[in-house]
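S.K.: The structure follows.
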Amino acid sequence: MISKILTLGVAVLAVPYFTIAQPADVGALRKKALELITPIPDRMPGAEKDTHHQTALGKRLFFEKRLSMNGSQSCNSCHLIDNGRGGVDNQPTSPGAFGKRGGRNSPTVLNAGFQIAQFWDGRAESLEAQAKGPILNPIEMAMPNPAEALARLKADEVYVRDFKTAFPSDADPVTYDNLARAIAAFERTLITRDRFDDFLKGGDQALSEQERKGLHEFLTVGCTTCHNGPLIGGNAFKRLGILNPSPNLTDKGRIEVTKDEADEFVFKVPSLRNIALTGPYFHDGQHSQLAETVRDMAWLQLGQKLSSEQVSLIVAFLNSLSDKGRKVPQASVTGGTSGGMP
Ligand code: HEC
Ligand code: HEC
């Protein structure tokens with residue numbers, strides 16, 4: 001009797017280890033991954049038309065605080081790309097020029113131009129359309145109108161000269177359209193390179209055994225039904241809470257854009273490139289940790305309760321998606337509450 005219980009106990013304990021099937025071999029794992037995920041291309045759509053004068057002007061505008069009403073904010077205030085940061089501010093929601101917070105987490109600008117649309121709800125169809133928003137948004141950079149932003153740029157003769165060089169065929173080049181065009185051109189240079197792509201391109205040792213197991217889990221559990229393509233996301237809109245409802249139903253998502261009831265709680269599937277650098281997670285920044293985000297995703301979207309081993313393997317894989325050379329000090333990820341999912 002006692003030995004029977006012991007045997008049973010051992011069998012139960014052993015289950016989690018056996019449910020994680022081992023990838024047969026590295027080549028087969030790569031082949032399986034490549035059916036759903038491809039390396040990030042070398043160039044963003046539209047970049048063929050950008051000149052280096054436009055990207056250089058766009059870079060300066062991206063860091064330009066004079067584009068906010070009180071001179072306190074630039075794009076880089078909420079999308080930090082310098083000092084090896086991941087294109088976000090690592091806050092649940094972002095304080096604007098006058099300290100008021102918007103309702104959504106700031107997504108990364110890295111690789112953004114590869115996506116089907118911009119914003120969590122996809123309301124801007126291009127980087128150009130997106131760039132015009134924050135400058136005039138009252139809780140972001142809070143400029144009263146485009147004319148005021150342009151007047152500040154025109155007062156600076158270096159800007160006047162650089163707009164002329166960037167848009168040589170325009171009689172009056174300092175326009176709001178050209179400002180957005182230049183910022184977008186700069187954003188199209190923000191392409192990241194990671195170890196996972198090295199693996200996809202044939203580097204067997206680019207991922208550790210742990211990370212390869214995590215990739216296998218990611219593919220097997222079904223995360224790739226939504227997170228696929230070169231950005232491992234960014235190419236579709238899906239409801240948050242397909243099999244179990246999300247605990248926060250305040251933000252109705254894409255329905256505000258399309259007015260279509262089927263789009264209630266629908267959000268853009270975020271790219272998972274650089275995900276370890278861009279916490280807190282979800283449109284409302286509700287999770288500060290990647291592990292709880294992964295556990296939630298499996299439960300909300302796939303109706304699965306992952307073991308803690310599965311979660312840590314997937315997190316290990318997600319850590320291989322960070323741009324080489326970029327790193328976010330953990331201490332800078334502020335706020336975000338623990339979700340308490342089962
Ligand atoms: C006060 C903080 C703040 C400032 C300043 C700001 N942004 Fe954002 N940005 C956000 C937030 C928050 C979102 C998400 C809003 C949403 O989805 O409704 C966002 C979204 C974006 C996106 C879409 C990314 C994606 O994956 O959907 C891009 C691109 C972007 N911002 C670029 C810029 C540029 C360029 C500037 C400067 C002209 C700028 N932002 C200024 C906070 C900010
Ligand atoms: C049915 C589609 C679907 C499936 C399946 C899915 N996701 Fe997601 N994922 C989404 C959507 C939509 C969001 C955006 C949630 C939001 O708006 O708050 C998201 C968000 C995330 C985020 C946070 C991204 C960010 O920038 O905040 C992570 C991490 C993530 N998913 C990982 C996973 C993992 C790991 C799996 C598999 C266990 C998975 N997802 C399965 C659709 C899906």
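Chain labels follow the order of the structure tokens: the first chain is A, the next B, and so on; residue numbering restarts at 1 in every chain, and ligands are counted from 1 in their shown order.
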Using only C-alpha atoms, determine which residues lie at most 9 Å from Thr108 (chain A), disregarding the query and same-chain residues fewer than 4 positions distant; provide the list as a list in words.

M.R.: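 Residues near the query, excluding close chain neighbours: His79, Leu80, Ile81, Gly86, Gly87, Val88, Asp89, Ala112, Asn274 and Thr278 of chain A.
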
S.K.: Limited to C-alpha atoms, could you put the picked residues into a file as a short mmCIF file (atom, residue, chain, number, x, y, z; two decimals), in the first residue's frame?

M.R.:
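Dumped everything to selection05.cif:
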```cif
data_model
loop_
_atom_site.label_atom_id
_atom_site.label_comp_id
_atom_site.auth_asym_id
_atom_site.auth_seq_id
_atom_site.Cartn_x
_atom_site.Cartn_y
_atom_site.Cartn_z
CA HIS A 79 9.72 56.50 -26.15
CA LEU A 80 13.30 56.48 -24.83
CA ILE A 81 15.66 55.19 -27.50
CA GLY A 86 13.83 49.98 -25.49
CA GLY A 87 11.75 52.79 -27.06
CA VAL A 88 9.39 53.11 -24.05
CA ASP A 89 9.32 54.90 -20.69
CA ALA A 112 7.01 50.17 -35.23
CA ASN A 274 12.28 43.61 -27.44
CA THR A 278 9.32 47.25 -22.75
#
```

S.K.: Could you give me, as a list in words, the residues within 7 Å of region 32-48 of chain A, counting only C-alpha atoms and dropping anything in the same chain fewer than 4 positions from it?

M.R.: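 These residues fall inside the cut-off: Ala28, Gly113, Phe114, Ala185, Arg188, Asp197, Leu200, Thr224, Asn228, Gly229, Pro230, Leu231 and Ile232 of chain A.
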
S.K.: Take the residues just selected and output them with N, CA and C atoms as a PDB file, in the first residue's frame.

M.R.:
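Wrote again_23.pdb, looks like this:
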```pdb
ATOM      1  N   ALA A  28      15.145  20.852 -36.784  1.00  0.00           N
ATOM      2  CA  ALA A  28      13.697  20.679 -36.877  1.00  0.00           C
ATOM      3  C   ALA A  28      12.979  21.826 -36.162  1.00  0.00           C
ATOM      4  N   GLY A 113       7.358  50.728 -37.569  1.00  0.00           N
ATOM      5  CA  GLY A 113       6.937  50.887 -38.962  1.00  0.00           C
ATOM      6  C   GLY A 113       6.713  49.582 -39.726  1.00  0.00           C
ATOM      7  N   PHE A 114       7.050  48.455 -39.131  1.00  0.00           N
ATOM      8  CA  PHE A 114       6.752  47.164 -39.770  1.00  0.00           C
ATOM      9  C   PHE A 114       5.306  46.727 -39.517  1.00  0.00           C
ATOM     10  N   ALA A 185      10.482  59.095 -41.248  1.00  0.00           N
ATOM     11  CA  ALA A 185      11.698  58.617 -41.935  1.00  0.00           C
ATOM     12  C   ALA A 185      12.731  58.170 -40.902  1.00  0.00           C
ATOM     13  N   ARG A 188      11.771  54.903 -39.329  1.00  0.00           N
ATOM     14  CA  ARG A 188      11.997  53.747 -40.207  1.00  0.00           C
ATOM     15  C   ARG A 188      13.436  53.217 -40.117  1.00  0.00           C
ATOM     16  N   ASP A 197      16.968  36.009 -34.224  1.00  0.00           N
ATOM     17  CA  ASP A 197      17.135  36.053 -35.681  1.00  0.00           C
ATOM     18  C   ASP A 197      18.435  35.365 -36.094  1.00  0.00           C
ATOM     19  N   LEU A 200      17.448  31.862 -36.276  1.00  0.00           N
ATOM     20  CA  LEU A 200      16.640  31.569 -37.473  1.00  0.00           C
ATOM     21  C   LEU A 200      17.511  31.524 -38.724  1.00  0.00           C
ATOM     22  N   THR A 224       1.744  31.377 -31.195  1.00  0.00           N
ATOM     23  CA  THR A 224       1.953  31.820 -32.579  1.00  0.00           C
ATOM     24  C   THR A 224       0.657  31.911 -33.389  1.00  0.00           C
ATOM     25  N   ASN A 228       2.895  36.102 -34.637  1.00  0.00           N
ATOM     26  CA  ASN A 228       3.674  35.475 -35.702  1.00  0.00           C
ATOM     27  C   ASN A 228       4.197  36.549 -36.654  1.00  0.00           C
ATOM     28  N   GLY A 229       4.837  36.117 -37.732  1.00  0.00           N
ATOM     29  CA  GLY A 229       5.418  37.075 -38.682  1.00  0.00           C
ATOM     30  C   GLY A 229       6.740  37.613 -38.172  1.00  0.00           C
ATOM     31  N   PRO A 230       7.374  38.509 -38.911  1.00  0.00           N
ATOM     32  CA  PRO A 230       8.696  39.006 -38.516  1.00  0.00           C
ATOM     33  C   PRO A 230       8.734  39.692 -37.146  1.00  0.00           C
ATOM     34  N   LEU A 231       7.648  40.364 -36.762  1.00  0.00           N
ATOM     35  CA  LEU A 231       7.662  41.052 -35.464  1.00  0.00           C
ATOM     36  C   LEU A 231       7.116  40.172 -34.337  1.00  0.00           C
ATOM     37  N   ILE A 232       6.685  38.943 -34.673  1.00  0.00           N
ATOM     38  CA  ILE A 232       6.040  38.069 -33.687  1.00  0.00           C
ATOM     39  C   ILE A 232       4.856  38.844 -33.080  1.00  0.00           C
TER      40      ILE A 232
END
```

S.K.: If we count only C-alpha atoms, what is near Ser72 (chain A) at a cut-off of 12 Å, once residues fewer than 3 positions away on the same chain are taken out, given as a ChimeraX atom specification?

M.R.: /A:63-69,75-78,95-99,135,140-143

S.K.: Export C-alpha atoms of the chosen residues as a JSON list (two decimals), in the first residue's frame?

M.R.:
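Result went into selection_34.json, see below:
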```
[["chain", "number", "residue", "atom", "x", "y", "z"],
["A", 63, "PHE", "CA", 14.39, 64.71, -29.47],
["A", 64, "GLU", "CA", 12.95, 68.27, -29.81],
["A", 65, "LYS", "CA", 11.35, 69.49, -26.58],
["A", 66, "ARG", "CA", 10.23, 72.75, -28.20],
["A", 67, "LEU", "CA", 7.50, 70.65, -29.83],
["A", 68, "SER", "CA", 5.70, 70.52, -26.48],
["A", 69, "MET", "CA", 3.76, 73.49, -25.13],
["A", 75, "CYS", "CA", 8.91, 62.05, -28.38],
["A", 76, "ASN", "CA", 11.91, 60.60, -26.55],
["A", 77, "SER", "CA", 10.31, 61.44, -23.17],
["A", 78, "CYS", "CA", 7.85, 58.57, -23.54],
["A", 95, "PRO", "CA", 2.77, 61.47, -17.81],
["A", 96, "GLY", "CA", 2.39, 64.22, -20.46],
["A", 97, "ALA", "CA", 3.84, 67.74, -20.64],
["A", 98, "PHE", "CA", 1.72, 68.94, -17.72],
["A", 99, "GLY", "CA", 1.99, 65.72, -15.72],
["A", 135, "ILE", "CA", 2.27, 67.05, -30.47],
["A", 140, "GLU", "CA", 0.79, 64.60, -24.25],
["A", 141, "MET", "CA", 2.82, 67.46, -25.77],
["A", 142, "ALA", "CA", -0.20, 69.82, -25.63],
["A", 143, "MET", "CA", 0.52, 72.24, -28.48]]
```

S.K.: Among the residues of region 31-155 of chain A, find those DSSP assigns to strand (DSSP E or B) from the backbone and print them as a list in words.

M.R.: Leu80, Val88, Pro95, Arg101, Gln118 and Ala124 of chain A

S.K.: Find the distance between CA of Leu127 (chain A) and atom 29 (C, counted along the ligand's line) of ligand 1 and write it in Å to one decimal.

M.R.: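 CA of Leu127 (chain A) sits 5.7 Å away from atom 29 (C, counted along the ligand's line) of ligand 1.
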
S.K.: For a quick check of understanding, using only C-alpha atoms and all ligand atoms, which of A:Pro92, A:Gly303, A:Gly27, A:Gly325 has the smallest distance to ligand 1?

M.R.: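 When distances to ligand 1 are compared using only C-alpha atoms and all ligand atoms, the smallest one comes from A:Pro92.
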
S.K.: Expressed in Å to a single decimal, how great is the separation between CA of Gly234 (chain A) and atom 16 (C, counted along the ligand's line) of ligand 2?

M.R.: 12.0 Å

S.K.: From the list A:Glu148, A:Glu157, A:Asp50, A:Asp251, which residue is nearest ligand 1 when using only C-alpha atoms and all ligand atoms?

M.R.: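 Distance minimum relative to ligand 1 lands on A:Asp251.
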
S.K.: Looking at A:Gly202, A:Gly214, A:Gly84, A:Pro138, which one is nearest to Asn70 (chain A), with distances taken over only C-alpha atoms?

M.R.: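 For Asn70 (chain A), the nearest of the given residues is A:Pro138.
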
S.K.: Sort by chain and increasing residue number a table of all residues of chain A within 7 Å of ligand 2, each with its closest pair of atoms and their distance in Å to one decimal, counting only C-alpha atoms and all ligand atoms, and write it as a Markdown table.

M.R.:
```
| residue | atom | partner | partner_atom_place_in_ligand_line | distance |
| --- | --- | --- | --- | --- |
| A:Pro107 | CA | ligand 2 | 26 (O) | 6.4 |
| A:Trp120 | CA | ligand 2 | 17 (O) | 6.5 |
| A:Phe218 | CA | ligand 2 | 37 (C) | 6.0 |
| A:Val221 | CA | ligand 2 | 38 (C) | 6.2 |
| A:Gly222 | CA | ligand 2 | 37 (C) | 5.9 |
| A:Cys223 | CA | ligand 2 | 37 (C) | 3.4 |
| A:Thr224 | CA | ligand 2 | 5 (C) | 6.5 |
| A:Thr225 | CA | ligand 2 | 5 (C) | 5.3 |
| A:Cys226 | CA | ligand 2 | 2 (C) | 4.3 |
| A:His227 | CA | ligand 2 | 7 (N) | 6.1 |
| A:Phe237 | CA | ligand 2 | 12 (C) | 6.4 |
| A:Lys238 | CA | ligand 2 | 12 (C) | 4.7 |
| A:Arg239 | CA | ligand 2 | 12 (C) | 5.4 |
| A:Leu240 | CA | ligand 2 | 12 (C) | 4.8 |
| A:Ile242 | CA | ligand 2 | 1 (C) | 6.4 |
| A:Val266 | CA | ligand 2 | 12 (C) | 6.5 |
| A:Phe267 | CA | ligand 2 | 17 (O) | 4.9 |
| A:Lys268 | CA | ligand 2 | 12 (C) | 5.5 |
| A:Val269 | CA | ligand 2 | 12 (C) | 4.2 |
| A:Pro270 | CA | ligand 2 | 24 (C) | 5.3 |
| A:Ser271 | CA | ligand 2 | 26 (O) | 6.7 |
| A:Leu272 | CA | ligand 2 | 29 (C) | 6.3 |
| A:Ile275 | CA | ligand 2 | 26 (O) | 6.2 |
| A:Thr278 | CA | ligand 2 | 26 (O) | 6.5 |
| A:Gly279 | CA | ligand 2 | 27 (O) | 6.6 |
| A:Pro280 | CA | ligand 2 | 27 (O) | 6.6 |
| A:Tyr281 | CA | ligand 2 | 27 (O) | 3.4 |
| A:Phe282 | CA | ligand 2 | 18 (O) | 3.3 |
| A:His283 | CA | ligand 2 | 18 (O) | 3.9 |
| A:Asp284 | CA | ligand 2 | 18 (O) | 6.2 |
| A:Gly285 | CA | ligand 2 | 27 (O) | 6.9 |
| A:Leu290 | CA | ligand 2 | 29 (C) | 6.1 |
| A:Thr293 | CA | ligand 2 | 29 (C) | 5.5 |
| A:Val294 | CA | ligand 2 | 35 (C) | 4.5 |
| A:Arg295 | CA | ligand 2 | 38 (C) | 6.7 |
| A:Met297 | CA | ligand 2 | 39 (C) | 4.8 |
| A:Ala298 | CA | ligand 2 | 38 (C) | 4.0 |
| A:Gln301 | CA | ligand 2 | 1 (C) | 4.8 |
| A:Leu302 | CA | ligand 2 | 5 (C) | 5.6 |
| A:Ile314 | CA | ligand 2 | 35 (C) | 6.4 |
```

S.K.: Contacts of Gly203 (chain A) at 12 Å or less, counting only C-alpha atoms, minus same-chain residues fewer than 4 places along, as an MDAnalysis selection string?

M.R.: chainID A and resid 26:27 30 194:199 207:208 212

S.K.: Would you save the residues from that selection as a short mmCIF file (atom, residue, chain, number, x, y, z; two decimals), in the first residue's frame, using N, CA and C atoms?

M.R.:
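result.cif written:
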```cif
data_model
loop_
_atom_site.label_atom_id
_atom_site.label_comp_id
_atom_site.auth_asym_id
_atom_site.auth_seq_id
_atom_site.Cartn_x
_atom_site.Cartn_y
_atom_site.Cartn_z
N VAL A 26 17.80 20.60 -33.30
CA VAL A 26 17.81 22.05 -33.49
C VAL A 26 17.30 22.44 -34.88
N GLY A 27 17.69 21.67 -35.89
CA GLY A 27 17.26 21.97 -37.26
C GLY A 27 15.75 21.88 -37.41
N ARG A 30 14.14 24.89 -35.77
CA ARG A 30 14.27 26.08 -36.62
C ARG A 30 13.26 26.05 -37.76
N ASP A 194 18.47 40.79 -33.05
CA ASP A 194 18.55 39.98 -31.83
C ASP A 194 19.09 38.57 -32.09
N ARG A 195 19.34 37.86 -31.00
CA ARG A 195 19.92 36.51 -31.10
C ARG A 195 18.95 35.52 -31.71
N PHE A 196 17.66 35.75 -31.53
CA PHE A 196 16.68 34.82 -32.10
C PHE A 196 16.79 34.82 -33.63
N ASP A 197 16.97 36.01 -34.22
CA ASP A 197 17.13 36.05 -35.68
C ASP A 197 18.44 35.37 -36.09
N ASP A 198 19.48 35.49 -35.28
CA ASP A 198 20.73 34.77 -35.57
C ASP A 198 20.46 33.26 -35.62
N PHE A 199 19.61 32.82 -34.70
CA PHE A 199 19.23 31.40 -34.67
C PHE A 199 18.45 31.02 -35.94
N LEU A 207 21.03 30.57 -29.48
CA LEU A 207 20.12 30.42 -28.35
C LEU A 207 20.65 29.33 -27.42
N SER A 208 20.50 29.53 -26.13
CA SER A 208 20.89 28.49 -25.16
C SER A 208 19.87 27.36 -25.23
N ARG A 212 15.92 27.58 -26.39
CA ARG A 212 15.36 26.74 -27.46
C ARG A 212 14.15 25.96 -26.94
#
```

S.K.: Restricting the calculation to only C-alpha atoms: of A:Leu29, A:Ala124, A:Leu57, A:Ala291, which residue gets closest to Val315 (chain A)?

M.R.: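 Result for the nearest residue to Val315 (chain A): A:Ala291.
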
S.K.: Compare A:Asp82, A:Glu217, A:Glu256, A:Glu309 by their minimum atom-to-atom distance to Lys327 (chain A), counting only C-alpha atoms, and give me the closest one.

M.R.: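 That would be A:Asp82, the residue with the smallest distance to Lys327 (chain A).
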
S.K.: Neighbouring residues of Ala182 (chain A) were defined as those with any atom within 10 Å, considering only C-alpha atoms; residues of the same chain fewer than 2 positions away were excluded. Please report them as a ChimeraX atom specification.

M.R.: /A:50-62,128,131,163,166-167,176-180,184-188

S.K.: Any chance you can output those residues with N, CA and C atoms as a short mmCIF file (atom, residue, chain, number, x, y, z; two decimals), in the first residue's frame?

M.R.:
```
data_model
loop_
_atom_site.label_atom_id
_atom_site.label_comp_id
_atom_site.auth_asym_id
_atom_site.auth_seq_id
_atom_site.Cartn_x
_atom_site.Cartn_y
_atom_site.Cartn_z
N ASP A 50 13.08 57.45 -48.35
CA ASP A 50 13.65 58.37 -47.35
C ASP A 50 15.09 58.75 -47.71
N THR A 51 15.42 60.03 -47.59
CA THR A 51 16.81 60.44 -47.81
C THR A 51 17.49 60.60 -46.45
N HIS A 52 18.82 60.58 -46.45
CA HIS A 52 19.49 60.72 -45.15
C HIS A 52 19.30 62.12 -44.57
N HIS A 53 19.01 63.12 -45.41
CA HIS A 53 18.69 64.46 -44.88
C HIS A 53 17.37 64.41 -44.09
N GLN A 54 16.41 63.62 -44.61
CA GLN A 54 15.12 63.51 -43.91
C GLN A 54 15.27 62.73 -42.59
N THR A 55 16.04 61.64 -42.60
CA THR A 55 16.19 60.89 -41.35
C THR A 55 16.95 61.71 -40.30
N ALA A 56 17.94 62.48 -40.74
CA ALA A 56 18.71 63.30 -39.79
C ALA A 56 17.82 64.39 -39.18
N LEU A 57 16.99 65.03 -40.02
CA LEU A 57 16.06 66.04 -39.52
C LEU A 57 15.05 65.39 -38.56
N GLY A 58 14.55 64.22 -38.97
CA GLY A 58 13.57 63.50 -38.14
C GLY A 58 14.14 63.14 -36.78
N LYS A 59 15.41 62.78 -36.76
CA LYS A 59 16.05 62.43 -35.49
C LYS A 59 16.07 63.63 -34.55
N ARG A 60 16.44 64.78 -35.12
CA ARG A 60 16.49 65.98 -34.28
C ARG A 60 15.08 66.33 -33.77
N LEU A 61 14.08 66.18 -34.63
CA LEU A 61 12.70 66.48 -34.22
C LEU A 61 12.21 65.49 -33.15
N PHE A 62 12.66 64.24 -33.24
CA PHE A 62 12.25 63.22 -32.27
C PHE A 62 12.70 63.61 -30.85
N GLU A 128 3.56 58.34 -40.37
CA GLU A 128 3.32 59.77 -40.65
C GLU A 128 2.06 60.24 -39.94
N ALA A 131 2.58 60.40 -36.13
CA ALA A 131 3.47 61.44 -35.58
C ALA A 131 2.77 62.78 -35.39
N PHE A 163 15.07 71.75 -43.14
CA PHE A 163 13.83 71.38 -43.84
C PHE A 163 14.01 71.59 -45.34
N ALA A 166 16.06 68.80 -46.67
CA ALA A 166 15.33 67.53 -46.63
C ALA A 166 14.21 67.48 -47.67
N PHE A 167 13.63 68.64 -47.96
CA PHE A 167 12.52 68.68 -48.91
C PHE A 167 12.83 69.74 -49.98
N TYR A 176 3.65 71.02 -41.44
CA TYR A 176 3.36 69.95 -40.47
C TYR A 176 3.47 68.57 -41.12
N ASP A 177 3.06 68.49 -42.40
CA ASP A 177 3.20 67.23 -43.13
C ASP A 177 4.67 66.81 -43.23
N ASN A 178 5.53 67.78 -43.57
CA ASN A 178 6.96 67.45 -43.70
C ASN A 178 7.58 67.10 -42.35
N LEU A 179 7.12 67.75 -41.30
CA LEU A 179 7.60 67.42 -39.95
C LEU A 179 7.29 65.94 -39.64
N ALA A 180 6.04 65.55 -39.91
CA ALA A 180 5.63 64.16 -39.66
C ALA A 180 6.40 63.20 -40.58
N ALA A 184 8.83 60.23 -39.30
CA ALA A 184 8.56 58.86 -39.76
C ALA A 184 9.79 58.27 -40.45
N ALA A 185 10.48 59.10 -41.25
CA ALA A 185 11.70 58.62 -41.94
C ALA A 185 12.73 58.17 -40.90
N PHE A 186 12.88 58.96 -39.83
CA PHE A 186 13.81 58.57 -38.77
C PHE A 186 13.35 57.27 -38.10
N GLU A 187 12.06 57.17 -37.81
CA GLU A 187 11.55 55.96 -37.15
C GLU A 187 11.76 54.71 -38.02
N ARG A 188 11.77 54.90 -39.33
CA ARG A 188 12.00 53.75 -40.21
C ARG A 188 13.44 53.22 -40.12
#
```

S.K.: Counting only C-alpha atoms, figure out which residue out of A:Leu243, A:Ala129, A:Val328, A:Leu306 gets nearest to Ile183 (chain A).

M.R.: A:Ala129
